[in-house]
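J.: One structure, pasted below without further comment.
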Amino acid sequence: GAVVSQHPSRVICKSGTSVKIECRSLDFQATTMFWYRQFPKKSLMLMATSNEGSKATYEQGVEKDKFLINHASLTLSTLTVTSAHPEDSSFYICSASGRLSGANVLTFGAGSRLTVL
Amino acid sequence: QQQVKQSPQSLIVQKGGISIINCAYENTAFDYFPWYQQFPGKGPALLIAIRPDVSEKKEGRFTISFNKSAKQFSLHIMDSQPGDSATYFCAASSSSASKIIFGSGTRLSIRP
């Protein structure tokens with residue numbers, strides 16, 4: 001079945017630094033990738049949608065200069081949290097969909113726990 | 001109109017019992033209704049999904065019941081086991097849109 005690998009699973013950084021999270025589709029071409037943020041005991045909040053080779057579409061209220069998303073290939077998307085602050089601490093999850101499965105059939109990564117000190 | 005309302009927020013069921021989680025939607029353009037299971041510290045995993053051309057789909061102990069006229073769908077977990085303890089999210093999307101709308105989640109605990 002479709003597998004999405006997300007790395008790192010946990011990261012701790014100092015305030016003001018930038019952190020990059022990678023999301024890879026291992027056995028399929030991900031035409032669309034999605035990035036979510038999840039607060040404890042809450043649902044997934046869609047941050048942005050990215051299609052390979054084009055700029056990401058950000059949801060209302062998400063700072064695109066703060067959360068840089070790159071989808072340079074059909075198997076890799078990255079989320080960079082720039083100048084991270086403690087309020088950026090959260091669980092970030094990516095998901096991907098491919099041509100064969102259809103746009104709305106998603107495979108999720110295992111998530112990345114970001115802690116900003 | 002984009003919302004998917006999920007209930008209950010939390011649910012405790014005895015081992016061997018039936019767990020039932022309900023969801024309702026408003027957008028009639030939705031044509032794909034998946035359920036996701038999420039364990040603590042992990043990403044959601046697709047459990048089972050249904051399209052509106054059928055009223056029920058069963059996979060093992062998991063069944064989705066779908067009521068198109070009422071715009072409601074539910075997840076039934078038969079013979080619930082402690083390993084089923086997780087958070088469950090319903091979701092909905094349309095083929096014409098790339099977004100999936102998630103419900104608020106249900107924390108299910110199965111008592112041994």
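So you can find residues: chains in the structure tokens are A, B, ... in the order shown, residues in each start at 1, and ligands are numbered from 1 in order.
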Residues at most 10 Å from range 79-89 of chain A, counting only C-alpha atoms, excluding those fewer than 6 positions away in the same chain, as a PyMOL selection string?
T.: chain A and resi 11-23+35+37+39+48+64-71+113-117
J.: I need the chosen residues saved as a short mmCIF file (atom, residue, chain, number, x, y, z; two decimals), in the first residue's frame, with N, CA, C and O atoms.
T.:
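Below is the file that was written, result.cif:
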```cif
data_model
loop_
_atom_site.label_atom_id
_atom_site.label_comp_id
_atom_site.auth_asym_id
_atom_site.auth_seq_id
_atom_site.Cartn_x
_atom_site.Cartn_y
_atom_site.Cartn_z
N VAL A 11 11.59 16.93 17.03
CA VAL A 11 12.68 17.90 16.93
C VAL A 11 12.49 18.96 18.00
O VAL A 11 11.37 19.41 18.25
N ILE A 12 13.59 19.29 18.64
CA ILE A 12 13.61 20.35 19.64
C ILE A 12 14.57 21.42 19.15
O ILE A 12 15.69 21.11 18.74
N CYS A 13 14.15 22.66 19.16
CA CYS A 13 15.03 23.72 18.68
C CYS A 13 14.89 24.94 19.58
O CYS A 13 13.95 25.06 20.38
N LYS A 14 15.86 25.83 19.43
CA LYS A 14 15.84 27.06 20.20
C LYS A 14 15.00 28.11 19.48
O LYS A 14 14.89 28.11 18.24
N SER A 15 14.43 28.99 20.24
CA SER A 15 13.63 30.07 19.68
C SER A 15 14.47 30.90 18.71
O SER A 15 15.63 31.21 19.00
N GLY A 16 13.92 31.21 17.56
CA GLY A 16 14.62 32.01 16.57
C GLY A 16 15.27 31.21 15.47
O GLY A 16 15.67 31.77 14.44
N THR A 17 15.39 29.92 15.67
CA THR A 17 16.00 29.08 14.64
C THR A 17 14.92 28.56 13.68
O THR A 17 13.73 28.68 13.94
N SER A 18 15.37 27.98 12.57
CA SER A 18 14.45 27.42 11.58
C SER A 18 14.53 25.90 11.59
O SER A 18 15.59 25.33 11.83
N VAL A 19 13.43 25.29 11.33
CA VAL A 19 13.36 23.83 11.35
C VAL A 19 12.71 23.34 10.06
O VAL A 19 11.68 23.88 9.64
N LYS A 20 13.30 22.31 9.46
CA LYS A 20 12.73 21.75 8.23
C LYS A 20 12.20 20.35 8.50
O LYS A 20 12.87 19.51 9.10
N ILE A 21 11.00 20.09 8.03
CA ILE A 21 10.37 18.78 8.14
C ILE A 21 10.15 18.25 6.73
O ILE A 21 9.65 18.96 5.86
N GLU A 22 10.55 17.00 6.51
CA GLU A 22 10.42 16.39 5.19
C GLU A 22 9.27 15.39 5.15
O GLU A 22 9.02 14.67 6.12
N CYS A 23 8.63 15.34 4.01
CA CYS A 23 7.54 14.39 3.78
C CYS A 23 7.78 13.73 2.43
O CYS A 23 7.86 14.40 1.41
N TRP A 35 -0.27 19.79 4.35
CA TRP A 35 0.38 19.93 5.66
C TRP A 35 -0.67 20.35 6.69
O TRP A 35 -1.46 21.28 6.45
N ARG A 37 -1.56 20.89 11.02
CA ARG A 37 -1.07 21.13 12.37
C ARG A 37 -2.13 20.58 13.32
O ARG A 37 -3.34 20.76 13.08
N PHE A 39 -3.16 20.34 17.43
CA PHE A 39 -2.96 20.65 18.84
C PHE A 39 -3.46 19.49 19.67
O PHE A 39 -4.28 18.69 19.20
N ALA A 48 -1.80 24.08 4.54
CA ALA A 48 -1.56 24.42 3.14
C ALA A 48 -1.65 23.18 2.28
O ALA A 48 -1.49 22.06 2.75
N LYS A 64 2.41 32.46 5.32
CA LYS A 64 3.22 31.75 4.32
C LYS A 64 4.70 32.07 4.46
O LYS A 64 5.55 31.26 4.05
N ASP A 65 5.04 33.21 5.04
CA ASP A 65 6.46 33.53 5.23
C ASP A 65 7.01 32.83 6.48
O ASP A 65 8.21 32.71 6.64
N LYS A 66 6.11 32.40 7.32
CA LYS A 66 6.49 31.70 8.55
C LYS A 66 6.63 30.20 8.28
O LYS A 66 7.54 29.55 8.76
N PHE A 67 5.72 29.68 7.51
CA PHE A 67 5.69 28.25 7.20
C PHE A 67 5.93 28.09 5.70
O PHE A 67 5.01 28.16 4.89
N LEU A 68 7.20 27.86 5.36
CA LEU A 68 7.58 27.75 3.96
C LEU A 68 7.39 26.31 3.48
O LEU A 68 7.93 25.39 4.07
N ILE A 69 6.64 26.16 2.41
CA ILE A 69 6.38 24.83 1.88
C ILE A 69 6.93 24.73 0.47
O ILE A 69 6.68 25.59 -0.37
N ASN A 70 7.68 23.65 0.26
CA ASN A 70 8.26 23.40 -1.05
C ASN A 70 7.89 22.00 -1.50
O ASN A 70 7.99 21.04 -0.72
N HIS A 71 7.43 21.88 -2.73
CA HIS A 71 7.05 20.58 -3.28
C HIS A 71 7.79 20.43 -4.60
O HIS A 71 7.20 20.53 -5.67
N ARG A 113 6.80 15.99 15.88
CA ARG A 113 6.55 16.77 17.09
C ARG A 113 7.62 17.84 17.21
O ARG A 113 8.78 17.53 17.38
N LEU A 114 7.22 19.10 17.09
CA LEU A 114 8.16 20.21 17.20
C LEU A 114 8.01 20.86 18.56
O LEU A 114 6.89 21.23 18.96
N THR A 115 9.12 20.99 19.25
CA THR A 115 9.16 21.71 20.52
C THR A 115 10.16 22.84 20.39
O THR A 115 11.32 22.62 20.07
N VAL A 116 9.68 24.06 20.59
CA VAL A 116 10.54 25.24 20.50
C VAL A 116 10.78 25.77 21.92
O VAL A 116 9.83 26.10 22.63
N LEU A 117 12.04 25.82 22.30
CA LEU A 117 12.37 26.24 23.67
C LEU A 117 12.54 27.75 23.77
O LEU A 117 12.89 28.42 22.80
#
```
J.: Quick check: residues of chain B within 8 Å of chain A, only C-alpha atoms, returned as a PyMOL selection string.
T.: chain B and resi 32+41-46+89+93-95+97-100+102-105
J.: Write the residues of the selection above to a file with N, CA, C and O atoms, as a compact mmCIF listing (two decimals), in the first residue's frame.
T.:
```txt
# COMPACT_ATOMS: atom_id res chain seq x y z
N TYR B 32 -17.16 11.45 -0.89
CA TYR B 32 -16.19 10.48 -0.35
C TYR B 32 -16.12 10.71 1.15
O TYR B 32 -15.91 11.84 1.60
N GLY B 41 0.55 10.29 19.26
CA GLY B 41 1.88 10.51 18.71
C GLY B 41 2.09 9.97 17.30
O GLY B 41 3.22 9.96 16.81
N LYS B 42 1.03 9.55 16.66
CA LYS B 42 1.13 9.00 15.30
C LYS B 42 0.21 9.77 14.36
O LYS B 42 -0.71 10.47 14.77
N GLY B 43 0.47 9.62 13.06
CA GLY B 43 -0.41 10.22 12.09
C GLY B 43 -1.67 9.39 11.91
O GLY B 43 -1.70 8.21 12.27
N PRO B 44 -2.74 9.99 11.39
CA PRO B 44 -3.97 9.22 11.15
C PRO B 44 -3.76 8.15 10.09
O PRO B 44 -2.95 8.33 9.16
N ALA B 45 -4.48 7.08 10.21
CA ALA B 45 -4.43 6.01 9.22
C ALA B 45 -5.84 5.74 8.73
O ALA B 45 -6.78 5.68 9.53
N LEU B 46 -5.98 5.59 7.42
CA LEU B 46 -7.30 5.31 6.85
C LEU B 46 -7.81 3.96 7.35
O LEU B 46 -7.13 2.94 7.24
N PHE B 89 -11.48 9.95 13.53
CA PHE B 89 -11.93 11.14 12.80
C PHE B 89 -12.75 10.72 11.60
O PHE B 89 -12.31 9.89 10.79
N SER B 93 -15.13 14.71 1.58
CA SER B 93 -14.52 15.50 0.50
C SER B 93 -15.33 15.29 -0.78
O SER B 93 -16.17 14.40 -0.86
N SER B 94 -15.06 16.15 -1.75
CA SER B 94 -15.69 15.99 -3.05
C SER B 94 -14.61 15.76 -4.09
O SER B 94 -13.47 16.20 -3.93
N SER B 95 -14.96 15.05 -5.13
CA SER B 95 -13.99 14.71 -6.18
C SER B 95 -13.46 15.95 -6.87
O SER B 95 -12.35 15.96 -7.39
N ALA B 97 -12.78 18.79 -5.47
CA ALA B 97 -11.96 19.62 -4.59
C ALA B 97 -10.85 18.78 -4.00
O ALA B 97 -11.01 17.59 -3.80
N SER B 98 -9.71 19.42 -3.73
CA SER B 98 -8.59 18.64 -3.19
C SER B 98 -8.62 18.55 -1.68
O SER B 98 -7.90 17.77 -1.10
N LYS B 99 -9.47 19.35 -1.03
CA LYS B 99 -9.46 19.36 0.43
C LYS B 99 -10.34 18.28 1.02
O LYS B 99 -11.39 17.95 0.48
N ILE B 100 -9.88 17.75 2.15
CA ILE B 100 -10.70 16.87 2.95
C ILE B 100 -11.06 17.62 4.22
O ILE B 100 -10.20 18.22 4.85
N PHE B 102 -12.25 17.47 8.02
CA PHE B 102 -12.25 16.52 9.12
C PHE B 102 -13.27 16.89 10.18
O PHE B 102 -13.52 18.06 10.45
N GLY B 103 -13.84 15.87 10.81
CA GLY B 103 -14.63 16.08 12.00
C GLY B 103 -13.71 16.39 13.17
O GLY B 103 -12.48 16.34 13.05
N SER B 104 -14.31 16.68 14.30
CA SER B 104 -13.54 17.12 15.48
C SER B 104 -12.88 15.97 16.23
O SER B 104 -12.06 16.20 17.11
N GLY B 105 -13.24 14.74 15.91
CA GLY B 105 -12.60 13.60 16.53
C GLY B 105 -13.38 13.03 17.72
O GLY B 105 -14.09 13.74 18.42
```
J.: If I take CA of Thr57 in chain A and CA of Ile48 in chain B, how far is one from the other in Å, to one decimal?
T.: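 One can read the CA of Thr57 in chain A to CA of Ile48 in chain B distance as 28.0 Å.
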J.: Between B:Leu75, B:Ala49, B:Ile101, B:Ala70, which has the minimum distance to Phe33 in chain B (counting only C-alpha atoms)?
T.: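 Ranked by minimum distance to Phe33 in chain B, first place goes to B:Ala49.
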J.: Mind checking which residues fall within 6 Å of Lys71 in chain B, counting only C-alpha atoms, ignoring those fewer than 3 positions away in the same chain, and posting them as a PyMOL selection string?
T.: chain B and resi 24-25+67-68
J.: Quick one: pull the distance between CA of Ile18 in chain B and CA of Tyr36 in chain B, Å, one decimal.
T.: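 These two atoms are separated by 17.7 Å.
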J.: To one decimal in Å, tell me the separation between CA of Thr106 in chain B and CA of Cys90 in chain B.
T.: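 Atom-to-atom, CA of Thr106 in chain B to CA of Cys90 in chain B, that is 8.9 Å.
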J.: Using backbone DSSP assignments, extract all strand (DSSP E or B) residues from chain B; output them as a VMD selection string.
T.: chain B and resid 4 to 7 10 to 14 19 to 25 32 to 38 45 to 50 56 to 59 62 to 67 72 to 77 86 to 93 100 to 102 106 to 111
